Structures are given as C-alpha cells and as structure tokens.
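Shown next, in structure tokens, is the structure this report addresses.
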Amino acid sequence: MAAAGEVWRADRGGTVLAAMYQLLGAVAALGVVAAGKFTFDALLTPDNSAFGLTTALLLLALATAVSGSTGPLQTQQHRLLGERVSQRVWDRLLDTTARADLVTYESTGFGTELERIRQHALEHPFAVTAALLGMSGSLVGVGTMSVVLIAVEPLLLPLLLAAGIPAVLLSRWASRTEFAFAHRLTGLFRRRHYLRELLTQRPYAAEVRAFDAFAPLRSRHEELNRAANVALRQQVRRRQVIAGLTTIGVAGALTGALLAIVALVRNGRIDLAEAGAAAIAVRLLSGQLGVLFGSIGGLLESAPFLADLARFVSSGPPPSPRGHKRALVDGVALRDVRFSYPGQDRAAVDGVDLEIRAGEVVALVGENGSGKTTLAKLVAGLYDPAAGSRWWDGTSLPAADIRASVTVIFQDFVRYQMTLRENITISAPTGDAVAAASSAGLTRTLGALPEGMDTMLGRDLDEGVDLSGGQWQRVALARALYRDTPLIVLDEPAAALDPRAEHELFTNVRATLGGRAALLISHRFSSTRMADRIYVMDAGRVVECGTHDELMAAAGQYAELYRLQSAAYR
Ligand SMILES: Nc1ncnc2c1ncn2[C@@H]1O[C@H](COP(=O)(O)OP(=O)(O)OP(=O)(O)O)[C@@H](O)[C@H]1O
C-alpha cells in the first residue's frame, strides 16, 4: 500500500488514467462475452435472439477492438507513470544520500546497499502499482465473468479458482528466491560495473593504455560475466520450474472447466448457445485469473525489495539544518582529538592538539599515511572526533556550522564537467567569479578560453575545452577563494603547478588568502617553511610543532626530512 501511495503522489492524474484503461479493458472483456452470446443466439435460435446476426457481429467486433486496444494504451500510460515514479523514488534516495555523513558514505557497506537499491528497489514501487492496477482491473473482470459462469453452471467457478491457490504459493517461493539472488549478486555487479567504467570512460583511457591493462582488465570482466551467467542460469531455471508448475495448474483447471461444459451439453443441462458463451467466459476468466494471480505474485515478489527501500530511505540521521557561516575572530583549536575509521583498530588521528589562529597560515607535514588528510577533515567538520573537542572562537559549534565556515580543496579535487563559471561558483551561483579566478592566477587561462567564463570545461560530456592539471588546480583554488570562508584547508594545493607557479603561490599565499586563515598540507618543505607554525605528524600523532627555525634548531624529524629534501636539490 505504501508503494501505491508513492505512485499516487508521483502522478495523480496519470494513476487515474491508468486505472480507467484497466477498467475499460475489463468492461470490454465482458462485452466480448455478451456479444458472443448474442452471436450464438442469432445463429442457433434466431427467433429468441435479442439482436440480428449483423448487429451481434458488429457488437462483437467493437467489443473485441476495444478490448484489444486497451493493452497498448495501458502500456504507454505505464511508461509515463513509471518515469514519474522513478523520479520520485530517486528524490527520496537523494534525500537519504544527502543526509548521510562522510564516514557513512565512505564505508563499503553503504555503497553496496546503495547499489542494490539502485539496481532493484527503484523499479518495484511501480511494479507494485502496475500489479495493483492489474489486480483491480482483473477483479472487475473476474467478478463479471463469474456472474456469467454462475448463471450457466455454478460448479465451473470453484474449479477455476482452485487453480489460483498453488499459483499464489508458487509466487511466494519465486519472490524469496529473487530477493536472495539480488542480495547475492550485488557485489559482483558492482565490481563488473567498475571494470566497465575503467574500460570505457575517458578519465581512465590514458593510464589503462599506458599500462597495457586493457586485456587483463577485460579478462577479469569476462570472469565476472561467467560467474554472473552461472548464477543467473540457476535463478532462471528456478523461475522456469515455478512458471511451468503454475502453467500446468492453470491449464489443468481450464481443461477441467471445458470438459465440464462438454459434459453439461451432453447431459442436456445447457444448450449450445449457453455452452458457447460459457466457453468464451471460461477462456476470458482464466485469462483474468492469470492476471489476478500474476498481480498477487508481483506484489509478493516486490515486498522484500520495497521493505529494503523503505528501510534505506528511513535510515541515517534526520536531515541536519543548514549550517551558518561564522566569522573567525580568535581561532580554531582541537584538543586531544582522536578518530578511527569504521572497522579499523588503529586510530588514524590519535590524541592531537592543533591550533589555527585567525589569519594564520599553519602547515601540516608528515609521511604518507601519517593522518594529515584525516586531521584536515576533522578541522573542516567533515568527520566528528570520537574523543576530544573542537573549538571555534572558544565555542563548540555544530559540524554543519563548521562545514559552512571552512573550505577544503582536496588532493583529488573534482573536475566538474561544467563551465568555468559553474566550476568556481558551485557553492552559490551569485558572486564575483572573475575576481576569484584572478586571485587564483587564472587571468591568462581565462583570456585564452573561447567563451571566457562560460566556456565548457572537460570533454566527458560535451565538446568542452580540457585544461592542464595545473590549470584545473587553479580552478579548484578559485572555487575555494570564491566561497570566502575565514578558514581554508589546502591539501597539496601545488602538486600540479609548475615551479614558477608554485613559487608564486607560496610567496604570495597571504595576499592570495586575503586575511583568511589556512591549513596547508604539503610534502614540499620549501613551500611550508613560511608558515606561522608547522605541525609534524607521525602515525596519527603530532610529534613536533613550531616555526621552521625552531624545528630546525630542535634537530628532530622535521629537520631530518627537510635536509633530505634540500639535499636532493643540490
Ligand atoms: N576512508 C578511509 N577508510 C579507512 N581508512 C582510511 C581512510 N582514509 C584514510 N585511511 C587510513 O588512515 C590513515 C591516515 O590516512 P590519511 O589519508 O589521513 O594520511 P595522509 O597523512 O594524508 O597521507 P598522504 O600523505 O599519503 O596523503 C592511513 O593509515 C589510511 O590507510
């Protein structure tokens, strides 16, 4: 019923129209039986017939034509309704993903679940409605045909209805096997989808070719295809057996009813005209019963998928209110902060103290995997600390407010396949994109673009202009500056910049930041030496902290790494 509610809310007019087509089909089927009876009457007992043969035949033709045309009308109406329902369910799904925090999103379980819902549950609300519509239409049909049959011979009806009981039980069995099959294969389909992306999508094309990886990836894809075929074949066999058993039951009931009609004629209990009408009614009734039991089966089959969808969309925290951007007067501080990724024993950040005062540039350095990006996500409110505290001007703010007040450029920032303007203004469309572009050093790039700010970037969707890695990095910087928050986190902001551009960025970083505070993550010690304070991380902990000169004088890990790096340039 909940699924029917979804469909009703998605398109009320469309649902009413679909129901009307269904009703028309059932009424037309009744018309076929009645017109058939009139035709037999006109042929066999013309004196007692209500209509002449020509009129009866015309009525039969009309009823048959209407009955035949409702099918295609319904099919097209269902297409429209199906799209509206899919849009509505997608909206619910997007609401759920919007609520999910980053930690949930990054856990593999969430991804698998989301994929299962995307693959299966989305189509089911509509399947349920189609089944309900089918059921309502066929119930009218079954009712009217039953009246006709009872008038001829009441015994015929239970004979046909009895065939439905095994059909419904078999549907339940089919539904269980189908849900178990979907559950089992989601992981496989996800892996196969990923390989298909690697083998077909532009961002991967260069590396896949450079590493000659196409053939090995293709053979992994074929392995998954083979595994999918084995599993699918088993499932199809199960369904074929179930369908076969159902058909045998229905055919048995139909044959029994027709034999009973023959016996009734032989015994002289009904005349030939009644027998003809009863035969048509039995045939039509068994068709309507097929639709009815099929619909019940469809409902049963969809039930576990819908329960899955309902559980998913109601899972997770309630929608958090939009965060408010705060000014930063004093500074941000983390005290004894700890954070572990789900399922990991070791803490990625373990008892860290960190301070960024308003307008300061603070650097975070350390070896790969030492916890710098994780700490940056804690500072930016993307993760909440499992222990310890996070302070903004001495108050503990909700994570949403922190996210609204801190901007992060990640190492693997997004290259939006949109215009340059949209790339910069993604956070809010009204603002001075040109000023942000010029602060990020994009003036020359902008001048060379055919349509300036409105040039499409990237070549994945439309025929856009592709930028170099360094130019994309400046676009990401422009996006961060445009958002205009009092604190910016820059994770390796110069990785793709040429030496001159990198030098310019870091020597002018304070002017570029325009008074904003920054947390700068970099492996290049030459870039971070100008920072007001440098934190050195190792295995999730801060092991040293101070200015460049203080850390060099301390002759610890920083001094060692700094010397190693400068020796490489000598
Ligand atoms: N999404 C994740 N799920 C589970 N573990 C993670 C996740 N991201 C990072 N880690 C683990 O947390 C630890 C710290 O990772 P983090 O990315 O913070 O290091 P980093 O210092 O930024 O490294 P790099 O210099 O290579 O960018 C690593 O051991 C890493 O394996």
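Chain labels run A, B, ... following the order of the structure tokens; each chain numbers its residues from 1, and ligands are numbered from 1 in the order shown.
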
Using only C-alpha atoms and all ligand atoms, determine which residues fall within 7 Å of ligand 1, then list them as a PyMOL selection string. chain A and resi 106+341-342+344+348+366-375+540

Assign secondary structure with DSSP using the backbone only, and return the residues of stretch 265-482 of chain A in helix (DSSP H, G or I) as a ChimeraX atom specification. /A:265-266,272-314,372-379,399-405,420-424,433-439,443-448,452-454,469-482

Hey, what's within 12 Å of A:Val262 if we count only C-alpha atoms and toss same-chain stuff fewer than 3 positions away? As a PyMOL selection string, please? chain A and resi 153+156+255-259+265-272+274-276+278-279

Let's have the selection written as a PDB file, in the first residue's frame, with N, CA and C atoms.
```pdb
ATOM      1  N   GLU A 153     -23.423 -22.502 -14.929  1.00  0.00           N
ATOM      2  CA  GLU A 153     -23.172 -23.676 -14.083  1.00  0.00           C
ATOM      3  C   GLU A 153     -22.261 -23.276 -12.916  1.00  0.00           C
ATOM      4  N   LEU A 156     -18.518 -24.587 -12.187  1.00  0.00           N
ATOM      5  CA  LEU A 156     -17.346 -24.245 -13.005  1.00  0.00           C
ATOM      6  C   LEU A 156     -16.418 -23.268 -12.271  1.00  0.00           C
ATOM      7  N   THR A 255      -8.799 -26.909 -18.657  1.00  0.00           N
ATOM      8  CA  THR A 255      -9.254 -28.103 -19.359  1.00  0.00           C
ATOM      9  C   THR A 255     -10.419 -28.739 -18.609  1.00  0.00           C
ATOM     10  N   GLY A 256     -10.291 -28.789 -17.281  1.00  0.00           N
ATOM     11  CA  GLY A 256     -11.353 -29.358 -16.464  1.00  0.00           C
ATOM     12  C   GLY A 256     -12.662 -28.621 -16.690  1.00  0.00           C
ATOM     13  N   ALA A 257     -12.588 -27.279 -16.728  1.00  0.00           N
ATOM     14  CA  ALA A 257     -13.793 -26.475 -16.910  1.00  0.00           C
ATOM     15  C   ALA A 257     -14.403 -26.726 -18.297  1.00  0.00           C
ATOM     16  N   LEU A 258     -13.558 -26.799 -19.327  1.00  0.00           N
ATOM     17  CA  LEU A 258     -14.078 -27.024 -20.685  1.00  0.00           C
ATOM     18  C   LEU A 258     -14.707 -28.414 -20.798  1.00  0.00           C
ATOM     19  N   LEU A 259     -14.044 -29.416 -20.157  1.00  0.00           N
ATOM     20  CA  LEU A 259     -14.622 -30.772 -20.166  1.00  0.00           C
ATOM     21  C   LEU A 259     -15.985 -30.785 -19.463  1.00  0.00           C
ATOM     22  N   VAL A 265     -23.414 -30.142 -21.801  1.00  0.00           N
ATOM     23  CA  VAL A 265     -24.151 -30.137 -23.079  1.00  0.00           C
ATOM     24  C   VAL A 265     -24.687 -31.537 -23.341  1.00  0.00           C
ATOM     25  N   ARG A 266     -23.793 -32.559 -23.123  1.00  0.00           N
ATOM     26  CA  ARG A 266     -24.201 -33.955 -23.374  1.00  0.00           C
ATOM     27  C   ARG A 266     -25.405 -34.338 -22.509  1.00  0.00           C
ATOM     28  N   ASN A 267     -25.383 -33.878 -21.235  1.00  0.00           N
ATOM     29  CA  ASN A 267     -26.498 -34.214 -20.336  1.00  0.00           C
ATOM     30  C   ASN A 267     -27.750 -33.397 -20.610  1.00  0.00           C
ATOM     31  N   GLY A 268     -27.629 -32.435 -21.527  1.00  0.00           N
ATOM     32  CA  GLY A 268     -28.779 -31.595 -21.880  1.00  0.00           C
ATOM     33  C   GLY A 268     -29.086 -30.537 -20.830  1.00  0.00           C
ATOM     34  N   ARG A 269     -28.115 -30.262 -19.893  1.00  0.00           N
ATOM     35  CA  ARG A 269     -28.377 -29.233 -18.865  1.00  0.00           C
ATOM     36  C   ARG A 269     -28.229 -27.829 -19.409  1.00  0.00           C
ATOM     37  N   ILE A 270     -27.401 -27.656 -20.457  1.00  0.00           N
ATOM     38  CA  ILE A 270     -27.291 -26.336 -21.105  1.00  0.00           C
ATOM     39  C   ILE A 270     -27.378 -26.524 -22.611  1.00  0.00           C
ATOM     40  N   ASP A 271     -27.862 -25.464 -23.319  1.00  0.00           N
ATOM     41  CA  ASP A 271     -27.917 -25.589 -24.780  1.00  0.00           C
ATOM     42  C   ASP A 271     -26.598 -25.107 -25.384  1.00  0.00           C
ATOM     43  N   LEU A 272     -26.511 -25.200 -26.715  1.00  0.00           N
ATOM     44  CA  LEU A 272     -25.237 -24.903 -27.386  1.00  0.00           C
ATOM     45  C   LEU A 272     -24.846 -23.430 -27.255  1.00  0.00           C
ATOM     46  N   GLU A 274     -25.554 -21.384 -24.814  1.00  0.00           N
ATOM     47  CA  GLU A 274     -25.035 -21.173 -23.457  1.00  0.00           C
ATOM     48  C   GLU A 274     -23.638 -21.771 -23.323  1.00  0.00           C
ATOM     49  N   ALA A 275     -23.462 -22.945 -23.943  1.00  0.00           N
ATOM     50  CA  ALA A 275     -22.146 -23.590 -23.882  1.00  0.00           C
ATOM     51  C   ALA A 275     -21.089 -22.715 -24.554  1.00  0.00           C
ATOM     52  N   GLY A 276     -21.460 -22.106 -25.712  1.00  0.00           N
ATOM     53  CA  GLY A 276     -20.511 -21.219 -26.428  1.00  0.00           C
ATOM     54  C   GLY A 276     -20.139 -20.041 -25.547  1.00  0.00           C
ATOM     55  N   ALA A 278     -20.382 -19.866 -22.331  1.00  0.00           N
ATOM     56  CA  ALA A 278     -19.634 -20.344 -21.161  1.00  0.00           C
ATOM     57  C   ALA A 278     -18.180 -20.616 -21.534  1.00  0.00           C
ATOM     58  N   ALA A 279     -17.956 -21.164 -22.735  1.00  0.00           N
ATOM     59  CA  ALA A 279     -16.578 -21.455 -23.165  1.00  0.00           C
ATOM     60  C   ALA A 279     -15.775 -20.159 -23.287  1.00  0.00           C
TER      61      ALA A 279
END
```

When you look at A:Thr54 with a cut-off of 12 Å (counting only C-alpha atoms), what residues show up, excluding the ones that are within fewer than 2 positions of it in the same chain? I need them as a PDB file with N, CA and C atoms, in the first residue's frame.
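See result_11.pdb below for the written result:
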```pdb
ATOM      1  N   ALA A  35     -21.522 -10.181 -26.426  1.00  0.00           N
ATOM      2  CA  ALA A  35     -21.699 -10.151 -27.885  1.00  0.00           C
ATOM      3  C   ALA A  35     -21.554 -11.558 -28.461  1.00  0.00           C
ATOM      4  N   PHE A  38     -24.803 -13.232 -27.925  1.00  0.00           N
ATOM      5  CA  PHE A  38     -25.795 -12.741 -28.896  1.00  0.00           C
ATOM      6  C   PHE A  38     -25.553 -13.367 -30.265  1.00  0.00           C
ATOM      7  N   THR A  39     -24.282 -13.521 -30.647  1.00  0.00           N
ATOM      8  CA  THR A  39     -23.966 -14.089 -31.958  1.00  0.00           C
ATOM      9  C   THR A  39     -24.427 -15.542 -32.024  1.00  0.00           C
ATOM     10  N   PHE A  40     -24.100 -16.331 -30.951  1.00  0.00           N
ATOM     11  CA  PHE A  40     -24.559 -17.733 -30.934  1.00  0.00           C
ATOM     12  C   PHE A  40     -26.083 -17.811 -30.989  1.00  0.00           C
ATOM     13  N   ALA A  42     -28.154 -15.603 -32.273  1.00  0.00           N
ATOM     14  CA  ALA A  42     -28.626 -15.217 -33.605  1.00  0.00           C
ATOM     15  C   ALA A  42     -28.432 -16.356 -34.597  1.00  0.00           C
ATOM     16  N   LEU A  43     -27.358 -17.161 -34.379  1.00  0.00           N
ATOM     17  CA  LEU A  43     -27.092 -18.272 -35.296  1.00  0.00           C
ATOM     18  C   LEU A  43     -27.995 -19.469 -35.012  1.00  0.00           C
ATOM     19  N   PRO A  46     -32.532 -17.937 -33.876  1.00  0.00           N
ATOM     20  CA  PRO A  46     -32.777 -16.565 -34.351  1.00  0.00           C
ATOM     21  C   PRO A  46     -34.098 -15.984 -33.845  1.00  0.00           C
ATOM     22  N   SER A  49     -33.601 -14.460 -30.349  1.00  0.00           N
ATOM     23  CA  SER A  49     -32.394 -13.619 -30.197  1.00  0.00           C
ATOM     24  C   SER A  49     -32.751 -12.144 -30.011  1.00  0.00           C
ATOM     25  N   ALA A  50     -31.998 -11.474 -29.127  1.00  0.00           N
ATOM     26  CA  ALA A  50     -32.240 -10.045 -28.867  1.00  0.00           C
ATOM     27  C   ALA A  50     -31.774  -9.182 -30.040  1.00  0.00           C
ATOM     28  N   PHE A  51     -30.732  -9.634 -30.760  1.00  0.00           N
ATOM     29  CA  PHE A  51     -30.188  -8.865 -31.895  1.00  0.00           C
ATOM     30  C   PHE A  51     -30.117  -9.740 -33.128  1.00  0.00           C
ATOM     31  N   GLY A  52     -30.142  -9.108 -34.306  1.00  0.00           N
ATOM     32  CA  GLY A  52     -29.910  -9.824 -35.549  1.00  0.00           C
ATOM     33  C   GLY A  52     -28.436 -10.210 -35.635  1.00  0.00           C
ATOM     34  N   ALA A  56     -25.209  -8.333 -33.919  1.00  0.00           N
ATOM     35  CA  ALA A  56     -24.438  -9.085 -32.920  1.00  0.00           C
ATOM     36  C   ALA A  56     -22.958  -9.142 -33.313  1.00  0.00           C
ATOM     37  N   LEU A  57     -22.728  -9.388 -34.620  1.00  0.00           N
ATOM     38  CA  LEU A  57     -21.327  -9.465 -35.079  1.00  0.00           C
ATOM     39  C   LEU A  57     -20.625  -8.113 -34.944  1.00  0.00           C
ATOM     40  N   LEU A  58     -21.387  -7.019 -35.274  1.00  0.00           N
ATOM     41  CA  LEU A  58     -20.794  -5.670 -35.143  1.00  0.00           C
ATOM     42  C   LEU A  58     -20.434  -5.388 -33.682  1.00  0.00           C
ATOM     43  N   LEU A  59     -21.348  -5.796 -32.768  1.00  0.00           N
ATOM     44  CA  LEU A  59     -21.079  -5.602 -31.328  1.00  0.00           C
ATOM     45  C   LEU A  59     -19.844  -6.400 -30.902  1.00  0.00           C
ATOM     46  N   LEU A  60     -19.757  -7.637 -31.440  1.00  0.00           N
ATOM     47  CA  LEU A  60     -18.611  -8.487 -31.102  1.00  0.00           C
ATOM     48  C   LEU A  60     -17.308  -7.841 -31.593  1.00  0.00           C
ATOM     49  N   ALA A  61     -17.371  -7.310 -32.851  1.00  0.00           N
ATOM     50  CA  ALA A  61     -16.165  -6.678 -33.411  1.00  0.00           C
ATOM     51  C   ALA A  61     -15.767  -5.463 -32.571  1.00  0.00           C
TER      52      ALA A  61
END
```

Residues within 9 Å of A:Thr96, only C-alpha atoms, excluding chain neighbours under 2 positions, as number ranges by chain: A: 91-94, 98-100, 312-316, 319

Store the residues picked out above, limited to N, CA and C atoms, as a short mmCIF file (atom, residue, chain, number, x, y, z; two decimals), in the first residue's frame.
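again-v5.cif written:
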```
data_model
loop_
_atom_site.label_atom_id
_atom_site.label_comp_id
_atom_site.auth_asym_id
_atom_site.auth_seq_id
_atom_site.Cartn_x
_atom_site.Cartn_y
_atom_site.Cartn_z
N ASP A 91 14.28 10.94 -5.90
CA ASP A 91 14.32 12.09 -4.98
C ASP A 91 14.48 11.62 -3.54
N ARG A 92 13.72 10.58 -3.17
CA ARG A 92 13.81 10.05 -1.80
C ARG A 92 15.21 9.53 -1.53
N LEU A 93 15.75 8.86 -2.55
CA LEU A 93 17.10 8.28 -2.42
C LEU A 93 18.15 9.39 -2.28
N LEU A 94 17.98 10.45 -3.05
CA LEU A 94 18.94 11.56 -2.98
C LEU A 94 18.84 12.27 -1.64
N ALA A 98 21.98 12.63 0.81
CA ALA A 98 22.36 13.97 1.28
C ALA A 98 22.52 13.99 2.80
N ARG A 99 21.71 13.17 3.49
CA ARG A 99 21.77 13.15 4.96
C ARG A 99 22.98 12.36 5.46
N ALA A 100 23.42 11.39 4.64
CA ALA A 100 24.49 10.51 5.12
C ALA A 100 25.78 11.30 5.32
N PHE A 312 16.02 1.68 3.86
CA PHE A 312 17.16 2.52 3.45
C PHE A 312 16.81 4.00 3.53
N VAL A 313 15.63 4.38 3.00
CA VAL A 313 15.31 5.82 2.98
C VAL A 313 15.00 6.37 4.37
N SER A 314 14.64 5.44 5.31
CA SER A 314 14.37 5.97 6.65
C SER A 314 15.60 5.82 7.55
N SER A 315 16.70 5.26 6.99
CA SER A 315 17.89 5.06 7.81
C SER A 315 18.68 6.37 7.93
N GLY A 316 19.64 6.35 8.78
CA GLY A 316 20.52 7.51 8.91
C GLY A 316 19.92 8.59 9.77
N PRO A 319 17.53 14.96 8.67
CA PRO A 319 18.26 15.98 7.92
C PRO A 319 18.79 17.06 8.87
#
```

Please provide the set of residues having any atom within 7 Å of A:Gly388, restricted to only C-alpha atoms, with same-chain residues fewer than 5 positions apart removed, written as a VMD selection string. chain A and resid 335 to 338

Please identify all polymer residues within 12 Å of A:Thr200, counting only C-alpha atoms, omitting same-chain residues fewer than 4 positions from it, and present them as a list in words.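 Residues meeting the cut-off are His193, Tyr194, Leu195, Arg196, Tyr204, Ala205, Ala206, Val208, Arg209, Phe214, Leu217, Arg218 and Asp460 of chain A.
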
Filtering to N, CA and C atoms, could you give me those residues as a PDB file, in the first residue's frame?
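Final output, saved to result.pdb:
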```
ATOM      1  N   HIS A 193      30.537  -3.396 -12.880  1.00  0.00           N
ATOM      2  CA  HIS A 193      30.247  -2.026 -13.306  1.00  0.00           C
ATOM      3  C   HIS A 193      31.525  -1.176 -13.241  1.00  0.00           C
ATOM      4  N   TYR A 194      32.298  -1.378 -12.168  1.00  0.00           N
ATOM      5  CA  TYR A 194      33.543  -0.614 -12.017  1.00  0.00           C
ATOM      6  C   TYR A 194      34.515  -0.942 -13.163  1.00  0.00           C
ATOM      7  N   LEU A 195      34.628  -2.226 -13.495  1.00  0.00           N
ATOM      8  CA  LEU A 195      35.531  -2.601 -14.599  1.00  0.00           C
ATOM      9  C   LEU A 195      35.045  -1.995 -15.914  1.00  0.00           C
ATOM     10  N   ARG A 196      33.740  -1.971 -16.103  1.00  0.00           N
ATOM     11  CA  ARG A 196      33.194  -1.376 -17.336  1.00  0.00           C
ATOM     12  C   ARG A 196      33.549   0.105 -17.418  1.00  0.00           C
ATOM     13  N   TYR A 204      40.039   7.233 -17.536  1.00  0.00           N
ATOM     14  CA  TYR A 204      40.932   6.094 -17.316  1.00  0.00           C
ATOM     15  C   TYR A 204      41.664   5.682 -18.591  1.00  0.00           C
ATOM     16  N   ALA A 205      41.211   6.196 -19.732  1.00  0.00           N
ATOM     17  CA  ALA A 205      41.681   5.663 -21.021  1.00  0.00           C
ATOM     18  C   ALA A 205      43.204   5.736 -21.145  1.00  0.00           C
ATOM     19  N   ALA A 206      43.808   6.865 -20.745  1.00  0.00           N
ATOM     20  CA  ALA A 206      45.251   7.031 -20.956  1.00  0.00           C
ATOM     21  C   ALA A 206      46.034   6.022 -20.121  1.00  0.00           C
ATOM     22  N   VAL A 208      45.049   3.214 -18.635  1.00  0.00           N
ATOM     23  CA  VAL A 208      44.777   1.815 -18.992  1.00  0.00           C
ATOM     24  C   VAL A 208      45.600   1.421 -20.216  1.00  0.00           C
ATOM     25  N   ARG A 209      45.746   2.361 -21.171  1.00  0.00           N
ATOM     26  CA  ARG A 209      46.526   2.052 -22.357  1.00  0.00           C
ATOM     27  C   ARG A 209      48.025   2.066 -22.061  1.00  0.00           C
ATOM     28  N   PHE A 214      44.387  -3.105 -20.615  1.00  0.00           N
ATOM     29  CA  PHE A 214      43.060  -3.380 -21.168  1.00  0.00           C
ATOM     30  C   PHE A 214      42.741  -4.880 -21.143  1.00  0.00           C
ATOM     31  N   LEU A 217      42.279  -6.412 -17.614  1.00  0.00           N
ATOM     32  CA  LEU A 217      41.017  -5.936 -17.025  1.00  0.00           C
ATOM     33  C   LEU A 217      39.839  -6.596 -17.729  1.00  0.00           C
ATOM     34  N   ARG A 218      39.976  -6.724 -19.051  1.00  0.00           N
ATOM     35  CA  ARG A 218      38.913  -7.351 -19.848  1.00  0.00           C
ATOM     36  C   ARG A 218      38.705  -8.800 -19.412  1.00  0.00           C
ATOM     37  N   ASP A 460      34.218  15.150 -21.050  1.00  0.00           N
ATOM     38  CA  ASP A 460      33.472  13.918 -20.779  1.00  0.00           C
ATOM     39  C   ASP A 460      32.040  13.990 -21.301  1.00  0.00           C
TER      40      ASP A 460
END
```

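Counting only C-alpha atoms and comparing A:Gln87, A:Thr144, A:Ser439, A:Gln417, the residue that lies closest to A:Asp466 is A:Gln417.
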
Kindly indicate which residue among A:Arg311, A:Arg9, A:Gly351, A:Pro499 lies nearest to A:Val542, using only C-alpha atoms for the distances. A:Gly351

Have a look at A:Gly431, A:Gly252, A:Gly287, A:Gly359 and name the one nearest to A:Pro486; count only C-alpha atoms. A:Gly359
